[in-house]
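Okay, upload.tsv now, which holds TSV, C-alpha atoms:
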chain	number	residue	atom	x	y	z
A	13	MET	CA	80.34	8.49	-45.78
A	14	ALA	CA	80.58	8.22	-42.00
A	15	PHE	CA	80.84	4.63	-40.81
A	16	LEU	CA	79.57	5.10	-37.24
A	17	SER	CA	75.92	5.56	-36.34
A	18	ASP	CA	74.45	9.05	-35.97
A	19	SER	CA	72.92	7.77	-32.72
A	20	LEU	CA	76.35	7.98	-31.10
A	21	THR	CA	76.32	11.76	-31.49
A	22	ARG	CA	73.33	11.83	-29.14
A	23	MET	CA	75.14	9.95	-26.38
A	24	LYS	CA	77.99	10.97	-24.06
A	25	PRO	CA	80.36	8.60	-22.25
A	26	SER	CA	79.39	7.97	-18.61
A	27	ALA	CA	81.22	10.62	-16.59
A	28	THR	CA	81.52	8.37	-13.55
A	29	MET	CA	83.14	5.63	-15.61
A	30	VAL	CA	85.51	8.12	-17.26
A	31	VAL	CA	86.68	9.50	-13.91
A	32	THR	CA	86.91	6.04	-12.34
A	33	GLN	CA	89.05	4.78	-15.21
A	34	LYS	CA	91.30	7.84	-15.00
A	35	ALA	CA	91.79	7.14	-11.29
A	36	ARG	CA	92.70	3.52	-12.10
A	37	ASP	CA	95.19	4.69	-14.73
A	38	LEU	CA	96.84	7.13	-12.32
A	39	LYS	CA	97.10	4.41	-9.66
A	40	ALA	CA	98.72	2.13	-12.23
A	41	GLU	CA	101.30	4.88	-12.84
A	42	GLY	CA	102.15	4.86	-9.16
A	43	ARG	CA	100.16	7.92	-8.08
A	44	ASP	CA	98.66	7.99	-4.57
A	45	ILE	CA	94.97	8.19	-5.49
A	46	VAL	CA	91.89	8.12	-3.28
A	47	ALA	CA	89.05	7.20	-5.66
A	48	LEU	CA	85.65	8.40	-4.45
A	49	SER	CA	84.05	8.41	-7.89
A	50	ALA	CA	82.47	4.97	-8.30
A	51	GLY	CA	78.95	4.14	-7.09
A	52	GLU	CA	79.80	0.80	-5.56
A	53	PRO	CA	79.50	-0.55	-2.00
A	54	ASP	CA	82.85	-1.46	-0.48
A	55	PHE	CA	81.28	-4.40	1.36
A	56	ASP	CA	81.54	-7.93	-0.05
A	57	THR	CA	78.62	-9.96	-1.36
A	58	PRO	CA	77.15	-11.92	1.60
A	59	ASP	CA	78.47	-15.47	1.91
A	60	PHE	CA	75.03	-17.10	1.68
A	61	VAL	CA	74.55	-15.44	-1.71
A	62	LYS	CA	77.94	-16.69	-2.92
A	63	ASP	CA	77.08	-20.17	-1.65
A	64	ALA	CA	73.83	-20.14	-3.64
A	65	ALA	CA	75.76	-19.22	-6.79
A	66	ILE	CA	78.29	-22.00	-6.24
A	67	GLU	CA	75.51	-24.51	-5.66
A	68	ALA	CA	73.78	-23.36	-8.87
A	69	ILE	CA	77.00	-24.01	-10.78
A	70	ARG	CA	77.34	-27.46	-9.21
A	71	GLN	CA	73.76	-28.28	-10.16
A	72	GLY	CA	74.44	-27.32	-13.76
A	73	LYS	CA	72.18	-24.28	-13.81
A	74	THR	CA	74.42	-22.75	-16.45
A	75	LYS	CA	72.20	-22.79	-19.54
A	76	TYR	CA	70.14	-20.10	-21.23
A	77	THR	CA	67.09	-19.08	-19.24
A	78	ALA	CA	63.87	-17.34	-20.21
A	79	VAL	CA	64.78	-13.96	-21.68
A	80	ASP	CA	63.09	-12.01	-18.88
A	81	GLY	CA	64.20	-14.15	-15.93
A	82	ILE	CA	63.68	-17.54	-14.28
A	83	PRO	CA	60.29	-18.10	-12.63
A	84	GLU	CA	61.92	-18.58	-9.22
A	85	LEU	CA	63.50	-15.13	-9.38
A	86	LYS	CA	60.32	-13.53	-10.66
A	87	ASP	CA	58.50	-15.00	-7.67
A	88	ALA	CA	61.21	-13.71	-5.31
A	89	VAL	CA	60.96	-10.24	-6.87
A	90	ALA	CA	57.17	-10.29	-6.54
A	91	ALA	CA	57.48	-11.30	-2.89
A	92	LYS	CA	60.01	-8.50	-2.33
A	93	PHE	CA	57.72	-5.85	-3.81
A	94	LYS	CA	54.79	-7.14	-1.73
A	95	ARG	CA	56.86	-7.34	1.48
A	96	ASP	CA	58.57	-3.97	1.17
A	97	SER	CA	55.98	-1.80	-0.59
A	98	GLY	CA	52.64	-3.62	-0.58
A	99	LEU	CA	52.69	-3.84	-4.38
A	100	ASP	CA	51.17	-6.93	-6.02
A	101	TYR	CA	52.69	-8.14	-9.28
A	102	ALA	CA	52.06	-11.34	-11.24
A	103	ARG	CA	54.90	-13.06	-13.08
A	104	ASP	CA	53.94	-11.45	-16.39
A	105	GLN	CA	54.35	-8.05	-14.72
A	106	ILE	CA	57.98	-8.64	-13.76
A	107	ILE	CA	61.18	-8.50	-15.79
A	108	VAL	CA	64.74	-9.35	-14.76
A	109	ALA	CA	67.58	-7.74	-16.71
A	110	PRO	CA	71.39	-7.61	-16.71
A	111	GLY	CA	71.52	-4.60	-14.39
A	112	GLY	CA	69.23	-1.72	-13.49
A	113	LYS	CA	70.57	0.29	-16.43
A	114	ALA	CA	69.19	-2.36	-18.79
A	115	ILE	CA	65.75	-1.98	-17.21
A	116	ILE	CA	65.78	1.77	-17.92
A	117	PHE	CA	67.19	1.28	-21.40
A	118	ASN	CA	64.60	-1.37	-22.30
A	119	ALA	CA	61.73	0.76	-20.97
A	120	MET	CA	62.77	3.83	-22.96
A	121	MET	CA	63.54	1.89	-26.16
A	122	ALA	CA	60.18	0.11	-25.95
A	123	THR	CA	58.06	3.23	-25.48
A	124	LEU	CA	59.67	6.38	-26.90
A	125	ASN	CA	58.95	7.94	-30.28
A	126	PRO	CA	60.39	11.15	-31.74
A	127	GLY	CA	58.82	14.11	-29.98
A	128	ASP	CA	58.09	12.26	-26.74
A	129	GLU	CA	59.30	14.11	-23.66
A	130	VAL	CA	60.72	12.63	-20.47
A	131	VAL	CA	60.84	14.78	-17.33
A	132	ILE	CA	64.05	14.27	-15.35
A	133	PRO	CA	64.74	16.11	-12.08
A	134	ALA	CA	68.31	17.35	-11.71
A	135	PRO	CA	70.66	16.36	-10.25
A	136	TYR	CA	70.11	13.06	-12.01
A	137	TRP	CA	72.00	9.82	-12.55
A	138	VAL	CA	74.26	10.45	-15.52
A	139	SER	CA	72.66	7.85	-17.82
A	140	TYR	CA	69.02	9.01	-17.74
A	141	PRO	CA	69.19	11.82	-20.34
A	142	ASP	CA	71.48	9.90	-22.68
A	143	ILE	CA	69.25	6.81	-22.67
A	144	VAL	CA	66.22	9.01	-23.40
A	145	THR	CA	68.01	10.81	-26.22
A	146	PHE	CA	69.34	7.58	-27.69
A	147	GLY	CA	65.77	6.28	-27.75
A	148	GLY	CA	64.64	9.31	-29.77
A	149	GLY	CA	62.97	11.12	-26.89
A	150	THR	CA	63.61	14.58	-25.48
A	151	PRO	CA	64.85	14.99	-21.89
A	152	VAL	CA	63.13	17.83	-20.02
A	153	ILE	CA	65.40	18.74	-17.11
A	154	ILE	CA	64.03	20.35	-13.93
A	155	PRO	CA	66.71	21.80	-11.60
A	156	CYS	CA	66.11	20.87	-7.95
A	157	LYS	CA	68.12	23.08	-5.62
A	158	ALA	CA	69.87	22.27	-2.36
A	159	ASP	CA	67.62	24.64	-0.41
A	160	ASN	CA	64.75	22.22	-1.18
A	161	SER	CA	66.94	19.20	-0.31
A	162	PHE	CA	67.29	18.49	-4.06
A	163	LEU	CA	63.65	17.39	-4.24
A	164	LEU	CA	61.32	17.96	-7.19
A	165	ASP	CA	58.78	20.69	-6.44
A	166	PRO	CA	55.24	19.73	-7.55
A	167	ALA	CA	54.72	23.19	-9.08
A	168	ASP	CA	57.85	22.74	-11.20
A	169	LEU	CA	56.61	19.33	-12.31
A	170	GLU	CA	53.26	20.83	-13.30
A	171	ALA	CA	55.00	23.55	-15.31
A	172	ALA	CA	57.18	21.04	-17.16
A	173	ILE	CA	54.39	18.71	-18.31
A	174	THR	CA	53.11	19.16	-21.87
A	175	PRO	CA	50.84	17.03	-24.10
A	176	ASN	CA	54.08	15.38	-25.32
A	177	THR	CA	55.21	14.25	-21.87
A	178	LYS	CA	55.34	10.46	-21.71
A	179	TRP	CA	57.50	9.70	-18.65
A	180	LEU	CA	58.75	11.09	-15.38
A	181	ILE	CA	61.94	9.41	-14.15
A	182	LEU	CA	62.19	9.57	-10.37
A	183	ASN	CA	65.16	8.32	-8.33
A	184	SER	CA	64.81	8.02	-4.56
A	185	PRO	CA	67.13	7.88	-2.71
A	186	SER	CA	69.01	9.80	-5.33
A	187	ASN	CA	72.28	9.32	-7.08
A	188	PRO	CA	74.06	11.79	-6.80
A	189	SER	CA	72.46	13.83	-4.01
A	190	GLY	CA	71.14	11.19	-1.60
A	191	ALA	CA	67.81	13.06	-1.54
A	192	ALA	CA	64.82	10.90	-0.66
A	193	TYR	CA	61.06	11.47	-0.96
A	194	THR	CA	58.68	10.83	1.93
A	195	LYS	CA	55.26	9.32	1.28
A	196	ALA	CA	53.77	12.82	1.61
A	197	ASP	CA	56.28	14.17	-0.94
A	198	LEU	CA	55.29	11.43	-3.39
A	199	GLN	CA	51.60	12.07	-2.83
A	200	ALA	CA	52.14	15.75	-3.66
A	201	LEU	CA	53.76	14.73	-6.96
A	202	GLY	CA	50.95	12.23	-7.49
A	203	ALA	CA	48.38	15.01	-7.19
A	204	VAL	CA	50.02	16.63	-10.23
A	205	LEU	CA	50.31	13.39	-12.19
A	206	GLU	CA	46.66	12.54	-11.56
A	207	LYS	CA	45.73	15.47	-13.82
A	208	HIS	CA	47.92	14.17	-16.66
A	209	PRO	CA	46.95	10.56	-17.43
A	210	GLN	CA	49.35	10.32	-20.38
A	211	VAL	CA	52.38	10.59	-18.07
A	212	HIS	CA	53.93	7.35	-16.81
A	213	VAL	CA	56.55	7.05	-14.07
A	214	LEU	CA	59.76	5.06	-14.02
A	215	THR	CA	60.90	5.03	-10.40
A	216	ASP	CA	64.49	3.98	-9.75
A	217	ASP	CA	64.51	2.57	-6.22
A	218	ILE	CA	67.94	0.92	-6.39
A	219	TYR	CA	69.04	2.54	-3.09
A	220	GLU	CA	65.78	1.84	-1.25
A	221	TYR	CA	67.37	-0.05	1.66
A	222	LEU	CA	70.09	2.54	2.27
A	223	VAL	CA	68.24	5.23	4.25
A	224	TYR	CA	69.27	6.86	7.51
A	225	GLU	CA	68.03	8.19	10.85
A	226	GLY	CA	64.76	6.30	10.73
A	227	PHE	CA	63.73	7.64	7.31
A	228	LYS	CA	60.87	5.51	5.99
A	229	PHE	CA	61.26	4.62	2.35
A	230	SER	CA	58.19	4.84	0.11
A	231	THR	CA	57.71	4.29	-3.61
A	232	ILE	CA	55.38	6.32	-5.80
A	233	ALA	CA	52.96	3.55	-6.88
A	234	ALA	CA	52.44	2.57	-3.24
A	235	ALA	CA	51.93	6.19	-2.16
A	236	ASN	CA	49.53	6.80	-5.07
A	237	PRO	CA	47.63	3.58	-5.90
A	238	PHE	CA	46.00	5.19	-8.94
A	239	LEU	CA	49.50	5.32	-10.51
A	240	TYR	CA	49.96	1.54	-10.28
A	241	ASP	CA	49.02	0.99	-13.94
A	242	ARG	CA	51.26	3.86	-15.05
A	243	THR	CA	54.42	3.03	-13.11
A	244	ILE	CA	57.50	0.89	-13.69
A	245	THR	CA	58.96	0.21	-10.23
A	246	MET	CA	62.64	-0.69	-10.59
A	247	SER	CA	65.22	-1.99	-8.15
A	248	GLY	CA	68.07	-4.50	-8.22
A	249	ALA	CA	70.70	-6.50	-6.41
A	250	SER	CA	73.70	-4.24	-6.86
A	251	LYS	CA	73.59	-1.78	-3.97
A	252	ALA	CA	71.84	-3.36	-0.97
A	253	PHE	CA	73.37	-6.79	-1.58
A	254	ALA	CA	76.81	-5.57	-2.79
A	255	MET	CA	76.33	-7.42	-6.07
A	256	THR	CA	77.36	-4.74	-8.58
A	257	GLY	CA	79.37	-7.12	-10.75
A	258	TRP	CA	76.64	-9.77	-10.78
A	259	ARG	CA	74.53	-7.48	-13.01
A	260	ILE	CA	70.93	-8.04	-11.92
A	261	GLY	CA	68.17	-5.44	-12.10
A	262	PHE	CA	64.44	-6.09	-11.92
A	263	ALA	CA	61.18	-4.24	-12.25
A	264	GLY	CA	57.44	-4.59	-11.88
A	265	GLY	CA	54.84	-2.79	-13.94
A	266	PRO	CA	51.98	-3.00	-16.44
A	267	ALA	CA	52.12	-6.33	-18.26
A	268	HIS	CA	52.00	-4.79	-21.74
A	269	ILE	CA	55.02	-2.56	-21.06
A	270	ILE	CA	56.95	-5.38	-19.38
A	271	LYS	CA	56.26	-7.59	-22.40
A	272	ALA	CA	57.55	-4.87	-24.74
A	273	MET	CA	60.69	-4.47	-22.60
A	274	ALA	CA	61.28	-8.22	-22.78
A	275	LYS	CA	60.99	-8.02	-26.58
A	276	ILE	CA	63.79	-5.42	-26.64
A	277	GLN	CA	65.89	-7.55	-24.29
A	278	GLY	CA	65.31	-10.62	-26.44
A	279	GLN	CA	67.03	-8.92	-29.37
A	280	SER	CA	69.82	-7.29	-27.37
A	281	THR	CA	71.32	-8.91	-24.27
A	282	SER	CA	68.91	-11.86	-24.01
A	283	ASN	CA	68.70	-13.37	-20.51
A	284	PRO	CA	70.71	-12.16	-17.51
A	285	CYS	CA	73.45	-14.50	-16.26
A	286	SER	CA	71.83	-17.69	-14.99
A	287	ILE	CA	74.16	-17.99	-11.97
A	288	SER	CA	73.52	-14.37	-10.99
A	289	GLN	CA	69.79	-15.01	-11.13
A	290	TRP	CA	70.00	-17.94	-8.70
A	291	ALA	CA	72.24	-15.87	-6.41
A	292	THR	CA	69.64	-13.10	-6.41
A	293	VAL	CA	66.90	-15.56	-5.47
A	294	ALA	CA	68.94	-16.29	-2.34
A	295	ALA	CA	69.61	-12.59	-1.72
A	296	LEU	CA	65.92	-11.65	-1.87
A	297	ASN	CA	64.59	-14.65	0.04
A	298	GLY	CA	67.42	-14.97	2.56
A	299	PRO	CA	68.35	-13.13	5.78
A	300	GLN	CA	68.86	-9.38	5.53
A	301	ASP	CA	69.85	-8.59	9.10
A	302	TYR	CA	73.36	-7.66	7.92
A	303	LEU	CA	71.84	-4.57	6.29
A	304	LYS	CA	71.42	-2.86	9.67
A	305	GLU	CA	75.18	-2.99	10.20
A	306	TRP	CA	75.88	-1.77	6.68
A	307	VAL	CA	73.42	1.12	6.99
A	308	ALA	CA	74.87	2.15	10.37
A	309	SER	CA	78.36	2.12	8.85
A	310	PHE	CA	77.28	4.20	5.84
A	311	GLN	CA	75.51	6.69	8.11
A	312	SER	CA	78.59	7.23	10.27
A	313	ARG	CA	80.73	7.72	7.17
A	314	ARG	CA	78.17	10.18	5.78
A	315	ASP	CA	78.33	12.19	9.01
A	316	LEU	CA	82.13	12.22	8.90
A	317	VAL	CA	82.26	13.44	5.31
A	318	VAL	CA	79.50	16.05	5.68
A	319	GLY	CA	81.13	17.40	8.84
A	320	MET	CA	84.59	17.70	7.29
A	321	LEU	CA	83.32	19.20	4.03
A	322	ASN	CA	81.34	21.85	5.90
A	323	GLN	CA	84.59	22.83	7.62
A	324	THR	CA	86.23	23.33	4.22
A	325	LYS	CA	86.84	26.80	2.80
A	326	GLY	CA	84.44	27.56	-0.08
A	327	ILE	CA	82.39	24.34	0.25
A	328	THR	CA	78.96	23.64	1.73
A	329	CYS	CA	77.33	20.21	1.92
A	330	ASP	CA	73.75	19.13	2.49
A	331	THR	CA	73.11	16.05	4.66
A	332	PRO	CA	71.54	13.33	2.48
A	333	LYS	CA	68.76	11.01	3.61
A	334	GLY	CA	69.99	7.93	1.75
A	335	ALA	CA	72.29	6.21	-0.78
A	336	PHE	CA	76.05	6.63	-0.22
A	337	TYR	CA	76.82	9.94	-1.89
A	338	VAL	CA	77.15	13.57	-0.92
A	339	TYR	CA	76.75	16.39	-3.43
A	340	PRO	CA	78.66	19.38	-2.04
A	341	ASP	CA	78.52	22.89	-3.48
A	342	CYS	CA	81.94	24.24	-4.41
A	343	GLY	CA	80.65	27.62	-5.60
A	344	GLY	CA	82.78	29.39	-3.00
A	345	CYS	CA	85.90	28.12	-4.77
A	346	LEU	CA	85.00	29.40	-8.24
A	347	GLY	CA	86.90	32.36	-9.57
A	348	LYS	CA	89.94	31.56	-7.45
A	349	LYS	CA	93.37	30.43	-8.61
A	350	THR	CA	95.39	27.31	-7.88
A	351	LEU	CA	99.00	27.45	-6.73
A	352	GLU	CA	99.95	26.97	-10.40
A	353	GLY	CA	97.92	30.04	-11.36
A	354	LYS	CA	95.03	28.21	-13.03
A	355	THR	CA	91.61	29.81	-12.51
A	356	ILE	CA	88.84	27.57	-11.15
A	357	GLU	CA	85.99	28.64	-13.42
A	358	THR	CA	83.72	25.58	-13.10
A	359	GLU	CA	83.24	22.60	-10.83
A	360	GLY	CA	84.94	20.60	-13.58
A	361	ASP	CA	88.04	22.73	-13.06
A	362	PHE	CA	87.75	22.16	-9.32
A	363	VAL	CA	87.49	18.37	-9.72
A	364	THR	CA	90.39	18.27	-12.20
A	365	GLY	CA	92.56	20.46	-9.99
A	366	LEU	CA	91.74	18.34	-6.95
A	367	LEU	CA	92.73	15.15	-8.77
A	368	GLU	CA	95.95	16.64	-10.13
A	369	ALA	CA	97.05	18.35	-6.93
A	370	GLU	CA	95.85	15.99	-4.22
A	371	GLY	CA	94.96	12.72	-5.96
A	372	VAL	CA	91.28	12.68	-4.95
A	373	ALA	CA	88.94	11.42	-7.68
A	374	THR	CA	85.37	12.80	-7.60
A	375	VAL	CA	82.78	13.51	-10.30
A	376	PRO	CA	81.84	17.05	-11.46
A	377	GLY	CA	78.22	18.13	-11.06
A	378	GLU	CA	77.86	19.07	-14.71
A	379	ALA	CA	77.59	15.33	-15.40
A	380	PHE	CA	74.51	15.23	-13.14
A	381	GLY	CA	72.87	18.34	-14.54
A	382	LEU	CA	73.25	20.70	-11.58
A	383	SER	CA	76.18	23.04	-10.92
A	384	PRO	CA	78.34	24.08	-9.11
A	385	HIS	CA	78.47	20.76	-7.27
A	386	PHE	CA	80.57	17.62	-7.30
A	387	ARG	CA	79.78	14.08	-6.18
A	388	ILE	CA	81.65	12.08	-3.58
A	389	SER	CA	80.93	8.42	-2.88
A	390	TYR	CA	81.48	7.61	0.78
A	391	ALA	CA	81.43	3.86	0.10
A	392	ALA	CA	85.05	3.72	1.27
A	393	SER	CA	86.90	3.09	4.51
A	394	VAL	CA	86.88	5.67	7.29
A	395	ALA	CA	90.64	6.07	6.91
A	396	GLU	CA	90.29	6.75	3.16
A	397	LEU	CA	87.46	9.22	3.74
A	398	GLU	CA	89.35	11.13	6.44
A	399	ASP	CA	92.43	11.26	4.21
A	400	ALA	CA	90.39	12.39	1.18
A	401	CYS	CA	88.57	15.11	3.12
A	402	GLN	CA	91.85	16.41	4.51
A	403	ARG	CA	93.20	16.58	0.96
A	404	ILE	CA	90.06	18.42	-0.20
A	405	GLN	CA	90.45	20.88	2.68
A	406	ARG	CA	94.08	21.40	1.76
A	407	PHE	CA	93.31	21.97	-1.92
A	408	ALA	CA	90.40	24.32	-1.28
A	409	GLY	CA	92.44	26.20	1.32
A	410	SER	CA	95.26	26.69	-1.18
A	411	LEU	CA	93.04	28.57	-3.63
A	412	SER	CA	93.40	32.34	-3.65
Full structure transcribed into structure tokens:
Amino acid sequence: MAFLSDSLTRMKPSATMVVTQKARDLKAEGRDIVALSAGEPDFDTPDFVKDAAIEAIRQGKTKYTAVDGIPELKDAVAAKFKRDSGLDYARDQIIVAPGGKAIIFNAMMATLNPGDEVVIPAPYWVSYPDIVTFGGGTPVIIPCKADNSFLLDPADLEAAITPNTKWLILNSPSNPSGAAYTKADLQALGAVLEKHPQVHVLTDDIYEYLVYEGFKFSTIAAANPFLYDRTITMSGASKAFAMTGWRIGFAGGPAHIIKAMAKIQGQSTSNPCSISQWATVAALNGPQDYLKEWVASFQSRRDLVVGMLNQTKGITCDTPKGAFYVYPDCGGCLGKKTLEGKTIETEGDFVTGLLEAEGVATVPGEAFGLSPHFRISYAASVAELEDACQRIQRFAGSLS
């Protein structure tokens, strides 16, 4: 009799974590590695947020909290949603969790039954399909091509919806492509969803502050008010506040779904870290002028990477609207051989060959559901990015 759960057979390890760990291991062996695989800002958590955490410790705010978050943080989250998107949520419509991933996990575990379908545009964040499958649902993947800026076409959404469709998961700006939906784009998707009242939306807005060239962020419940009662609007502290290790995600949505998510959380992780919650209160309520500098820095790095990749033999790269990733197409390198005589048959072969030959760690597109691409995080120094792109150019140029 097998000891491990059958559920594990429905779940794959996170590809980004696998590659990131491999890069760490190679560095530990003394290899010269440029790791562009992790989705983590290279900026430090702002000092005023750290100070709030230290003060919380000094005040003894180190005990268990309410499972779904302290009232002060719920109020700060509600104020954030109102300020940024014009969305009104009461406390019982808000949940705080140990990371954005926990929000998604709780939502799917609380709502999915066998046979339920979840529409996921590809490329997608690596965890979406596995969380859906683990919860007993069926992921329905819609490829979104580069020639449409990796955006979901309303006609493709319409074609994918069946009577069994329960959720659409939408991520804007996107990990891995950096694609972002305008208000008009979201209204076009809303026109489809209006005809299918059984379909709810989980919108992952974790990169909402990281948009470029004057792009105006919008979220689907704000663009389509009739979807308010059918939408879980999720964000968190990790990206815009450089608080990845603090593990705080939050969401607003219909009270009955939020309550069900809290029930799941109560029997799994229980409350998020109390100190992290108080730090996030400060992050949401405090000054955010530093973000302009961060966004300007990310935009200049994006332009550097896109420019150098588009000068690389066999590679083309779309210019993303947000987040801190590019998702280049390496199709022009497939079918060629490395200096060692290995044939590059897939983007996985390309990524592996690049890591072995030049020490650049990236993530293959197969992990994100759309080939032949690979993901680069440009949340790194300009010097590292220039070095990495030169190595990529050298590796791609060596293929024959």
Give me, as a PDB file with C-alpha atoms, keeping the file's coordinate frame, all polymer residues having an atom no more than 8 Å from region 111-121 of chain A, counting all atoms listed in the file and skipping those fewer than 4 positions away in the same chain.
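Resulting contents of selection32.pdb:
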ATOM      1  CA  SER A 139      72.660   7.850 -17.820  1.00  0.00           C
ATOM      2  CA  TYR A 140      69.020   9.010 -17.740  1.00  0.00           C
ATOM      3  CA  ILE A 143      69.250   6.810 -22.670  1.00  0.00           C
ATOM      4  CA  VAL A 144      66.220   9.010 -23.400  1.00  0.00           C
ATOM      5  CA  GLY A 147      65.770   6.280 -27.750  1.00  0.00           C
ATOM      6  CA  LEU A 214      59.760   5.060 -14.020  1.00  0.00           C
ATOM      7  CA  ILE A 218      67.940   0.920  -6.390  1.00  0.00           C
ATOM      8  CA  MET A 246      62.640  -0.690 -10.590  1.00  0.00           C
ATOM      9  CA  SER A 247      65.220  -1.990  -8.150  1.00  0.00           C
ATOM     10  CA  GLY A 248      68.070  -4.500  -8.220  1.00  0.00           C
ATOM     11  CA  SER A 250      73.700  -4.240  -6.860  1.00  0.00           C
ATOM     12  CA  ARG A 259      74.530  -7.480 -13.010  1.00  0.00           C
ATOM     13  CA  ILE A 260      70.930  -8.040 -11.920  1.00  0.00           C
ATOM     14  CA  GLY A 261      68.170  -5.440 -12.100  1.00  0.00           C
ATOM     15  CA  PHE A 262      64.440  -6.090 -11.920  1.00  0.00           C
ATOM     16  CA  ALA A 263      61.180  -4.240 -12.250  1.00  0.00           C
ATOM     17  CA  ILE A 269      55.020  -2.560 -21.060  1.00  0.00           C
ATOM     18  CA  ILE A 270      56.950  -5.380 -19.380  1.00  0.00           C
ATOM     19  CA  ALA A 272      57.550  -4.870 -24.740  1.00  0.00           C
ATOM     20  CA  MET A 273      60.690  -4.470 -22.600  1.00  0.00           C
ATOM     21  CA  ALA A 274      61.280  -8.220 -22.780  1.00  0.00           C
ATOM     22  CA  ILE A 276      63.790  -5.420 -26.640  1.00  0.00           C
ATOM     23  CA  GLN A 277      65.890  -7.550 -24.290  1.00  0.00           C
TER      24      GLN A 277
END
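The gap separating CA of Lys195 (chain A) from CA of Thr243 (chain A) is 15.7 Å, in Å to one decimal.
A straight line drawn from CA of Gly319 (chain A) to CA of Ala192 (chain A) is 20.0 Å long.
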- Around (52.3, 19.0, -9.0) in the file's own coordinates, what residues are found within 8 Å if you use all atoms listed in the file, given back as a list in words? Asp165, Pro166, Ala167, Asp168, Leu169, Glu170, Ala200, Leu201, Gly202, Ala203, Val204 and Leu205 of chain A
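Computed from the coordinates, the CA of Phe336 (chain A) to CA of Ser184 (chain A) distance equals 12.1 Å.
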- Can you list, as a ChimeraX atom specification, every protein, DNA or RNA residue that comes within 8 Å of region 298-308 of chain A when you count only C-alpha atoms, leaving out same-chain residues fewer than 5 positions away? /A:60,221-224,252
- Task: Check the smallest atom-to-atom distance from each of A:Thr374, A:Asn236, A:Gln289, A:Ser189 to Ala134 (chain A) using only C-alpha atoms, then report the winner.
- Result: A:Ser189
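Within the 12 Å cut-off around Asp44 (chain A), using all atoms listed in the file and omitting residues fewer than 3 positions from it on the same chain, the listed residues are Ala35, Arg36, Asp37, Leu38, Lys39, Ala40, Glu41, Ala47, Leu367, Glu368, Ala369, Glu370, Gly371, Val372, Ala373, Glu396, Asp399, Ala400 and Arg403 of chain A.
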Can you write out the residues you just picked, keeping C-alpha atoms, as a CSV table (one decimal), in the coordinates of the input?
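Ended up saving to result_21.csv:
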chain,number,residue,atom,x,y,z
A,35,ALA,CA,91.8,7.1,-11.3
A,36,ARG,CA,92.7,3.5,-12.1
A,37,ASP,CA,95.2,4.7,-14.7
A,38,LEU,CA,96.8,7.1,-12.3
A,39,LYS,CA,97.1,4.4,-9.7
A,40,ALA,CA,98.7,2.1,-12.2
A,41,GLU,CA,101.3,4.9,-12.8
A,47,ALA,CA,89.0,7.2,-5.7
A,367,LEU,CA,92.7,15.2,-8.8
A,368,GLU,CA,96.0,16.6,-10.1
A,369,ALA,CA,97.0,18.4,-6.9
A,370,GLU,CA,95.8,16.0,-4.2
A,371,GLY,CA,95.0,12.7,-6.0
A,372,VAL,CA,91.3,12.7,-5.0
A,373,ALA,CA,88.9,11.4,-7.7
A,396,GLU,CA,90.3,6.8,3.2
A,399,ASP,CA,92.4,11.3,4.2
A,400,ALA,CA,90.4,12.4,1.2
A,403,ARG,CA,93.2,16.6,1.0
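With only C-alpha atoms as the atoms that count, the residue of A:Gln210, A:Thr215, A:Gln105, A:Asn297 with the shortest distance to Pro133 (chain A) is A:Thr215.
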- Residue neighbourhood Ser186 (chain A), 8 Å, only C-alpha atoms, exclusion window fewer than 4 positions, as a ChimeraX atom specification: /A:136-137,190-192,219,334-335
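Shortest atom-to-atom contact with Lys92 (chain A) among A:Ala158, A:Leu180, A:Ala379, A:Ile106: A:Ile106, counting only C-alpha atoms.
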- Compile the contact shell of Leu48 (chain A) as a VMD selection string: residues with an atom at most 7 Å away, counting all atoms listed in the file, same-chain residues fewer than 2 positions apart removed. chain A and resid 46 50 373 to 374 388 to 390
Atoms to include: C-alpha atoms. Write the selected residues as a compact mmCIF listing (two decimals), in the frame of the given file.
# COMPACT_ATOMS: atom_id res chain seq x y z
CA VAL A 46 91.89 8.12 -3.28
CA ALA A 50 82.47 4.97 -8.30
CA ALA A 373 88.94 11.42 -7.68
CA THR A 374 85.37 12.80 -7.60
CA ILE A 388 81.65 12.08 -3.58
CA SER A 389 80.93 8.42 -2.88
CA TYR A 390 81.48 7.61 0.78
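Shortest separation to Phe407 (chain A) among A:Val375, A:Ala391, A:Met23, A:Val363 occurs at residue A:Val363, atoms counted being all atoms listed in the file.
In this comparison, which uses all atoms listed in the file, the residue of A:Asn322, A:Ser49, A:Gln405, A:Thr77 approaching Gln33 (chain A) most closely is A:Ser49.
Among the candidate residues A:Phe227, A:Trp258, A:Phe162, A:Tyr339, the one lying nearest to Gln311 (chain A) is A:Phe227, with distances computed using all atoms listed in the file.
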Around all of region 387-390 of chain A's listed atoms, make the axis-aligned box with 4 Å on each side and tell me centre and edge lengths in Å to one decimal, as lines of an AutoDock Vina configuration file.
center_x = 80.7
center_y = 10.8
center_z = -2.7
size_x = 9.9
size_y = 14.5
size_z = 15.0
